[in-house]
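To be precise, the following lines are entry-v4.cif, and they hold mmCIF, C-alpha atoms.
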data_structure
#
loop_
_atom_site.group_PDB
_atom_site.id
_atom_site.type_symbol
_atom_site.label_atom_id
_atom_site.label_comp_id
_atom_site.auth_asym_id
_atom_site.auth_seq_id
_atom_site.Cartn_x
_atom_site.Cartn_y
_atom_site.Cartn_z
ATOM 1 C CA MET A 405 -54.128 6.817 37.125
ATOM 2 C CA ASP A 406 -53.784 8.508 40.477
ATOM 3 C CA THR A 407 -51.303 11.191 39.440
ATOM 4 C CA LEU A 408 -52.029 14.318 37.493
ATOM 5 C CA GLN A 409 -50.358 14.242 34.095
ATOM 6 C CA VAL A 410 -49.023 17.538 32.853
ATOM 7 C CA LYS A 411 -47.993 18.081 29.235
ATOM 8 C CA GLU A 412 -45.077 20.448 28.762
ATOM 9 C CA THR A 413 -44.017 22.352 25.682
ATOM 10 C CA TRP A 414 -40.368 22.135 24.678
ATOM 11 C CA LYS A 415 -39.817 25.647 26.080
ATOM 12 C CA GLN A 416 -41.196 24.587 29.458
ATOM 13 C CA LYS A 417 -39.195 21.373 29.351
ATOM 14 C CA PHE A 418 -35.855 23.004 28.540
ATOM 15 C CA PHE A 419 -36.131 26.542 29.945
ATOM 16 C CA SER A 420 -38.272 26.285 33.081
ATOM 17 C CA THR A 421 -37.234 25.293 36.591
ATOM 18 C CA LYS A 422 -40.789 24.442 37.644
ATOM 19 C CA GLY A 423 -41.794 20.828 38.060
ATOM 20 C CA ARG A 424 -39.914 17.569 37.776
ATOM 21 C CA ILE A 425 -38.181 15.482 35.113
ATOM 22 C CA ASN A 426 -37.551 11.745 35.219
ATOM 23 C CA ARG A 427 -34.255 9.948 34.551
ATOM 24 C CA LEU A 428 -34.969 9.073 30.925
ATOM 25 C CA ASN A 429 -36.067 12.562 29.901
ATOM 26 C CA TYR A 430 -33.115 14.071 31.780
ATOM 27 C CA LEU A 431 -30.682 11.800 29.980
ATOM 28 C CA LEU A 432 -32.273 12.398 26.558
ATOM 29 C CA GLY A 433 -32.352 16.156 27.141
ATOM 30 C CA SER A 434 -28.704 16.155 28.202
ATOM 31 C CA ILE A 435 -27.699 14.167 25.108
ATOM 32 C CA ALA A 436 -29.615 16.602 22.882
ATOM 33 C CA LEU A 437 -27.832 19.543 24.492
ATOM 34 C CA GLN A 438 -24.464 17.838 23.998
ATOM 35 C CA LEU A 439 -25.231 17.296 20.314
ATOM 36 C CA ILE A 440 -26.174 20.960 19.928
ATOM 37 C CA ALA A 441 -22.952 21.976 21.698
ATOM 38 C CA SER A 442 -20.953 19.736 19.344
ATOM 39 C CA VAL A 443 -22.535 21.413 16.321
ATOM 40 C CA ALA A 444 -21.720 24.799 17.876
ATOM 41 C CA GLN A 445 -18.099 23.723 18.291
ATOM 42 C CA PHE A 446 -17.892 22.750 14.625
ATOM 43 C CA MET A 447 -19.520 26.058 13.662
ATOM 44 C CA SER A 448 -17.015 27.988 15.779
ATOM 45 C CA ILE A 449 -14.117 26.360 13.941
ATOM 46 C CA THR A 450 -15.753 27.366 10.665
ATOM 47 C CA ALA A 451 -16.316 30.910 11.950
ATOM 48 C CA LEU A 452 -12.709 31.279 13.045
ATOM 49 C CA THR A 453 -11.573 30.046 9.637
ATOM 50 C CA LEU A 454 -13.821 32.605 7.944
ATOM 51 C CA MET A 455 -12.458 35.363 10.162
ATOM 52 C CA GLY A 456 -8.939 34.543 8.991
ATOM 53 C CA MET A 457 -10.032 34.961 5.385
ATOM 54 C CA ASP A 458 -11.786 37.849 3.674
ATOM 55 C CA SER A 459 -15.126 36.978 5.314
ATOM 56 C CA ALA A 460 -14.367 38.450 8.742
ATOM 57 C CA ILE A 461 -17.826 40.027 9.106
ATOM 58 C CA ILE A 462 -19.615 36.757 8.382
ATOM 59 C CA GLY A 463 -17.299 34.919 10.767
ATOM 60 C CA GLY A 464 -17.895 37.497 13.508
ATOM 61 C CA LEU A 465 -21.665 37.276 13.120
ATOM 62 C CA LEU A 466 -21.453 33.496 13.172
ATOM 63 C CA LEU A 467 -19.430 33.641 16.396
ATOM 64 C CA LEU A 468 -22.100 35.844 17.999
ATOM 65 C CA LEU A 469 -24.740 33.306 17.011
ATOM 66 C CA ILE A 470 -22.624 30.505 18.467
ATOM 67 C CA VAL A 471 -22.175 32.363 21.774
ATOM 68 C CA ALA A 472 -25.960 32.792 22.014
ATOM 69 C CA LEU A 473 -26.466 29.091 21.235
ATOM 70 C CA VAL A 474 -23.946 27.986 23.855
ATOM 71 C CA LEU A 475 -25.472 30.276 26.505
ATOM 72 C CA ALA A 476 -28.911 28.821 25.714
ATOM 73 C CA CYS A 477 -27.495 25.290 26.103
ATOM 74 C CA ILE A 478 -25.929 26.181 29.465
ATOM 75 C CA CYS A 479 -29.168 27.727 30.765
ATOM 76 C CA SER A 480 -31.170 24.766 29.515
ATOM 77 C CA GLY A 481 -28.789 22.280 31.123
ATOM 78 C CA ILE A 482 -29.098 24.081 34.449
ATOM 79 C CA CYS A 483 -32.901 24.048 34.174
ATOM 80 C CA LEU A 484 -32.938 20.313 33.397
ATOM 81 C CA THR A 485 -30.659 19.592 36.352
ATOM 82 C CA ILE A 486 -32.813 21.661 38.723
ATOM 83 C CA LYS A 487 -35.911 19.747 37.595
ATOM 84 C CA ARG A 488 -34.067 16.462 38.092
ATOM 85 C CA TRP A 489 -33.231 17.445 41.685
ATOM 86 C CA HIS A 490 -36.900 18.356 42.130
ATOM 87 C CA ASP A 491 -37.800 14.813 41.073
ATOM 88 C CA LEU A 492 -35.603 13.602 43.930
ATOM 89 C CA ASN A 493 -37.534 15.967 46.272
ATOM 90 C CA LYS A 494 -34.451 18.165 46.746
ATOM 91 C CA SER A 495 -33.984 21.884 46.245
ATOM 92 C CA GLY A 496 -32.682 23.159 42.921
ATOM 93 C CA TRP A 497 -29.725 24.620 44.797
ATOM 94 C CA TYR A 498 -28.285 21.095 44.864
ATOM 95 C CA THR A 499 -27.368 21.798 41.227
ATOM 96 C CA LEU A 500 -24.315 23.632 42.559
ATOM 97 C CA LEU A 501 -23.042 20.277 43.867
ATOM 98 C CA CYS A 502 -22.878 18.930 40.330
ATOM 99 C CA ILE A 503 -19.417 20.437 39.906
ATOM 100 C CA LEU A 504 -18.432 17.383 41.945
ATOM 101 C CA ILE A 505 -18.604 14.078 40.085
ATOM 102 C CA ILE A 506 -20.554 12.001 42.659
ATOM 103 C CA PRO A 507 -23.726 14.169 42.748
ATOM 104 C CA ALA A 508 -23.641 14.462 38.950
ATOM 105 C CA ILE A 509 -23.652 10.675 38.617
ATOM 106 C CA TYR A 510 -26.209 10.297 41.414
ATOM 107 C CA ILE A 511 -28.903 12.327 39.638
ATOM 108 C CA ILE A 512 -28.582 10.168 36.531
ATOM 109 C CA PHE A 513 -29.207 6.874 38.326
ATOM 110 C CA ALA A 514 -31.297 7.784 41.395
ATOM 111 C CA LYS A 515 -34.965 6.867 41.221
ATOM 112 C CA GLY A 516 -37.313 9.817 41.614
ATOM 113 C CA THR A 517 -39.898 10.191 44.338
ATOM 114 C CA ASP A 518 -42.955 7.986 43.807
ATOM 115 C CA GLY A 519 -46.107 10.051 43.483
ATOM 116 C CA PRO A 520 -46.334 13.783 44.003
ATOM 117 C CA ASN A 521 -43.740 15.612 46.099
ATOM 118 C CA ASN A 522 -43.039 19.223 47.115
ATOM 119 C CA TYR A 523 -42.228 20.150 43.508
ATOM 120 C CA GLY A 524 -45.187 18.715 41.631
ATOM 121 C CA PRO A 525 -46.769 15.525 40.316
ATOM 122 C CA LYS A 526 -44.741 12.519 39.257
ATOM 123 C CA PRO A 527 -43.413 12.993 35.707
ATOM 124 C CA THR A 528 -44.425 10.466 33.078
ATOM 125 C CA SER A 529 -42.181 9.096 30.334
ATOM 126 C CA ASP A 530 -44.199 10.844 27.585
ATOM 127 C CA ASN A 531 -43.986 14.195 29.394
#
Any chance you could give the structure as structure tokens?
Amino acid sequence: MDTLQVKETWKQKFFSTKGRINRLNYLLGSIALQLIASVAQFMSITALTLMGMDSAIIGGLLLLLIVALVLACICSGICLTIKRWHDLNKSGWYTLLCILIIPAIYIIFAKGTDGPNNYGPKPTSDN
């Protein structure tokens, strides 16, 4: 193999903007974050129900936990998107364009740069 393979921990994969991420790992990471956000939505409904009953303190604490979880998902999604742009040899600032639908679709289907680029070695599928 001519490229350097780098193993990442889950913290580096989801909460770091360094390096690159390929299409498959980006898509799987995005799906995982959506599943976590769906669980958080269900938990928020439960928390609001508890707040309407006698368990207002438990519901309030649960809502604080949910807010932290959602903020972590947002930060992680931004980090994944920045790394995906890096795989396309573009600056992470292109993430701001993802509020438009075309760039958001583009990063899902565009093939990454072959070999190393300005942002690191080519990511592997087991990375």
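For the pair atom CA of A:Ile461 and atom CA of A:Ile449, the interatomic distance is 15.0 Å.
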Original post:
Which residues, protein or nucleic acid, reach to within 12 Å of (-16.0, 31.3, 7.7) in the file's coordinates when using only C-alpha atoms, and can you give that as a PyMOL selection string?
Top reply: chain A and resi 446-467
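Remark: for A:Ser420, the closest of the candidate residues A:Lys494, A:Phe513, A:Val471, A:Lys487 is A:Lys487 (distances computed over all atoms listed in the file).
The two atoms in question, atom CA of A:Lys415 and atom CA of A:Ser480, are spaced 9.3 Å apart.
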Original post:
Residues around (-36.8, 16.9, 44.9), cut-off 9 Å, counting all atoms listed in the file - what are they as a ChimeraX atom specification?
Top reply: /A:424,486-496,516-517,521-523
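Separating atom CA of A:Lys417 from atom CA of A:Leu484 is a distance of 7.5 Å.
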Step by step, gather every atom of stretch 474-488 of chain A that the file lists, find the box along x, y and z that holds them, add 4 Å on each side, and finally give centre and edge lengths in Å to one decimal, as AutoDock Vina command-line options.
--center_x -29.9 --center_y 23.4 --center_z 31.3 --size_x 20.0 --size_y 21.8 --size_z 22.9
Incomplete stretch 433-458 of chain A brought to N, CA, C and O atoms, written out as a tab-separated table (two decimals), keeping the file's coordinate frame:
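Result written to rebuild.tsv:
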chain	number	residue	atom	x	y	z
A	433	GLY	N	-32.55	14.71	27.26
A	433	GLY	CA	-32.35	16.16	27.14
A	433	GLY	C	-30.88	16.53	27.20
A	433	GLY	O	-30.41	17.39	26.44
A	434	SER	N	-30.14	15.88	28.08
A	434	SER	CA	-28.70	16.16	28.20
A	434	SER	C	-27.95	15.74	26.94
A	434	SER	O	-27.05	16.45	26.49
A	435	ILE	N	-28.33	14.61	26.36
A	435	ILE	CA	-27.70	14.17	25.11
A	435	ILE	C	-28.00	15.15	23.98
A	435	ILE	O	-27.12	15.51	23.20
A	436	ALA	N	-29.25	15.62	23.91
A	436	ALA	CA	-29.62	16.60	22.88
A	436	ALA	C	-28.79	17.88	23.03
A	436	ALA	O	-28.31	18.44	22.04
A	437	LEU	N	-28.63	18.33	24.26
A	437	LEU	CA	-27.83	19.54	24.49
A	437	LEU	C	-26.37	19.32	24.12
A	437	LEU	O	-25.72	20.23	23.58
A	438	GLN	N	-25.85	18.13	24.38
A	438	GLN	CA	-24.46	17.84	24.00
A	438	GLN	C	-24.30	17.82	22.48
A	438	GLN	O	-23.28	18.28	21.96
A	439	LEU	N	-25.30	17.29	21.78
A	439	LEU	CA	-25.23	17.30	20.31
A	439	LEU	C	-25.27	18.72	19.77
A	439	LEU	O	-24.51	19.06	18.84
A	440	ILE	N	-26.11	19.56	20.35
A	440	ILE	CA	-26.17	20.96	19.93
A	440	ILE	C	-24.84	21.65	20.20
A	440	ILE	O	-24.34	22.42	19.37
A	441	ALA	N	-24.24	21.38	21.36
A	441	ALA	CA	-22.95	21.98	21.70
A	441	ALA	C	-21.86	21.49	20.74
A	441	ALA	O	-20.96	22.26	20.38
A	442	SER	N	-21.94	20.25	20.30
A	442	SER	CA	-20.95	19.74	19.34
A	442	SER	C	-21.08	20.44	18.00
A	442	SER	O	-20.08	20.77	17.36
A	443	VAL	N	-22.31	20.67	17.56
A	443	VAL	CA	-22.54	21.41	16.32
A	443	VAL	C	-22.01	22.83	16.46
A	443	VAL	O	-21.37	23.37	15.55
A	444	ALA	N	-22.22	23.45	17.63
A	444	ALA	CA	-21.72	24.80	17.88
A	444	ALA	C	-20.19	24.83	17.83
A	444	ALA	O	-19.60	25.79	17.32
A	445	GLN	N	-19.56	23.79	18.34
A	445	GLN	CA	-18.10	23.72	18.29
A	445	GLN	C	-17.61	23.65	16.85
A	445	GLN	O	-16.67	24.34	16.47
A	446	PHE	N	-18.25	22.83	16.04
A	446	PHE	CA	-17.89	22.75	14.62
A	446	PHE	C	-18.11	24.09	13.93
A	446	PHE	O	-17.28	24.54	13.15
A	447	MET	N	-19.23	24.75	14.25
A	447	MET	CA	-19.52	26.06	13.66
A	447	MET	C	-18.50	27.11	14.09
A	447	MET	O	-18.14	27.99	13.31
A	448	SER	N	-18.01	27.01	15.32
A	448	SER	CA	-17.02	27.99	15.78
A	448	SER	C	-15.70	27.82	15.04
A	448	SER	O	-15.02	28.80	14.73
A	449	ILE	N	-15.33	26.59	14.73
A	449	ILE	CA	-14.12	26.36	13.94
A	449	ILE	C	-14.28	26.96	12.56
A	449	ILE	O	-13.38	27.62	12.03
A	450	THR	N	-15.46	26.78	11.97
A	450	THR	CA	-15.75	27.37	10.66
A	450	THR	C	-15.71	28.89	10.74
A	450	THR	O	-15.15	29.55	9.86
A	451	ALA	N	-16.29	29.46	11.80
A	451	ALA	CA	-16.32	30.91	11.95
A	451	ALA	C	-14.91	31.48	12.10
A	451	ALA	O	-14.58	32.51	11.50
A	452	LEU	N	-14.08	30.80	12.88
A	452	LEU	CA	-12.71	31.28	13.04
A	452	LEU	C	-11.93	31.18	11.74
A	452	LEU	O	-11.08	32.03	11.45
A	453	THR	N	-12.21	30.17	10.95
A	453	THR	CA	-11.57	30.05	9.64
A	453	THR	C	-12.02	31.19	8.73
A	453	THR	O	-11.20	31.79	8.03
A	454	LEU	N	-13.31	31.50	8.76
A	454	LEU	CA	-13.82	32.60	7.94
A	454	LEU	C	-13.24	33.94	8.37
A	454	LEU	O	-12.99	34.82	7.55
A	455	MET	N	-13.01	34.10	9.67
A	455	MET	CA	-12.46	35.36	10.16
A	455	MET	C	-11.02	35.55	9.70
A	455	MET	O	-10.56	36.68	9.54
A	456	GLY	N	-10.31	34.46	9.48
A	456	GLY	CA	-8.94	34.54	8.99
A	456	GLY	C	-8.87	34.85	7.51
A	456	GLY	O	-7.83	35.24	6.99
A	457	MET	N	-9.98	34.69	6.82
A	457	MET	CA	-10.03	34.96	5.38
A	457	MET	C	-10.67	36.34	5.16
A	457	MET	O	-10.70	37.17	6.06
A	458	ASP	N	-11.17	36.57	4.00
A	458	ASP	CA	-11.79	37.85	3.67
A	458	ASP	C	-13.19	37.99	4.23
A	458	ASP	O	-13.80	39.05	4.11
